[in-house]
Amino acid sequence: MFENIRKLRLEHGLTQKELAEIVGITQQCVNNYENRSTQPSFIVLMKMADYFHVSLDYLCLGKESLHQTPADPRMTSYTKEDQMHHQNLFATLPVNQKRTIDNLIRMLSGSDPHSGNSGAGSSG
């Protein structure tokens, strides 16, 4: 993960400070990630993956293709059957995975996953 953060930052011609500003953390946090002192939070990883247009698998593990493929046009509609299927799958998950999914949904919708308020706070 650490090598990929640095590699992507350099490929995009960004300084640590510029990347920090983009994802809402301090330059010191980016430095700590790249020097393996600390690990980024899930929210920071999501923001980095989104900015660099890579999957979390690539960012964290180096797996999958570097760049995300365009969305499947068949996925533009979300039916009641889809919703029921996902609810059934969600019900089978352990609590920690349910919390992760809940946090992801809140982040994608613009709500702070920790307080339930709008707008994501900075994590580092």
# chains A, B, ... in the order shown; residues from 1 in each chain; ligands from 1

$ residues_around --residues "Ala20 in chain A" --least-positions-apart "5" --cutoff "12 Å" --atoms "only C-alpha atoms" --output "short mmCIF file (atom, residue, chain, number, x, y, z; two decimals) with C-alpha atoms, in the first residue's frame"
data_model
loop_
_atom_site.label_atom_id
_atom_site.label_comp_id
_atom_site.auth_asym_id
_atom_site.auth_seq_id
_atom_site.Cartn_x
_atom_site.Cartn_y
_atom_site.Cartn_z
CA ILE A 5 0.54 5.81 -2.56
CA ARG A 9 1.44 10.65 -6.09
CA LEU A 14 1.94 15.89 -6.74
CA THR A 15 3.88 16.90 -3.67
CA ILE A 25 -5.25 15.54 5.75
CA THR A 26 -1.89 17.03 6.70
CA GLN A 27 1.35 16.72 4.76
CA GLN A 28 2.79 14.93 7.79
CA CYS A 29 0.11 12.22 7.45
CA VAL A 30 1.09 11.59 3.82
CA ASN A 31 4.74 11.48 4.87
CA ASN A 32 3.91 9.00 7.64
CA TYR A 33 1.99 6.76 5.19
CA PRO A 40 -4.34 5.70 6.38
CA VAL A 44 -8.55 8.53 3.39
CA LEU A 45 -7.93 5.41 1.28
CA LYS A 47 -10.51 9.52 -1.20
CA MET A 48 -7.10 8.59 -2.61
CA TYR A 51 -8.74 10.86 -6.86
CA SER A 122 -10.35 15.18 8.00
CA SER A 123 -8.73 11.93 8.96
CA GLY A 124 -5.10 11.24 9.35
#

$ atom_distance --atom1 "CA of Asn4 in chain A" --atom2 "CA of Tyr58 in chain A"
7.9 Å

$ atom_distance --atom1 "CA of Arg6 in chain A" --atom2 "CA of Arg36 in chain A"
11.0 Å
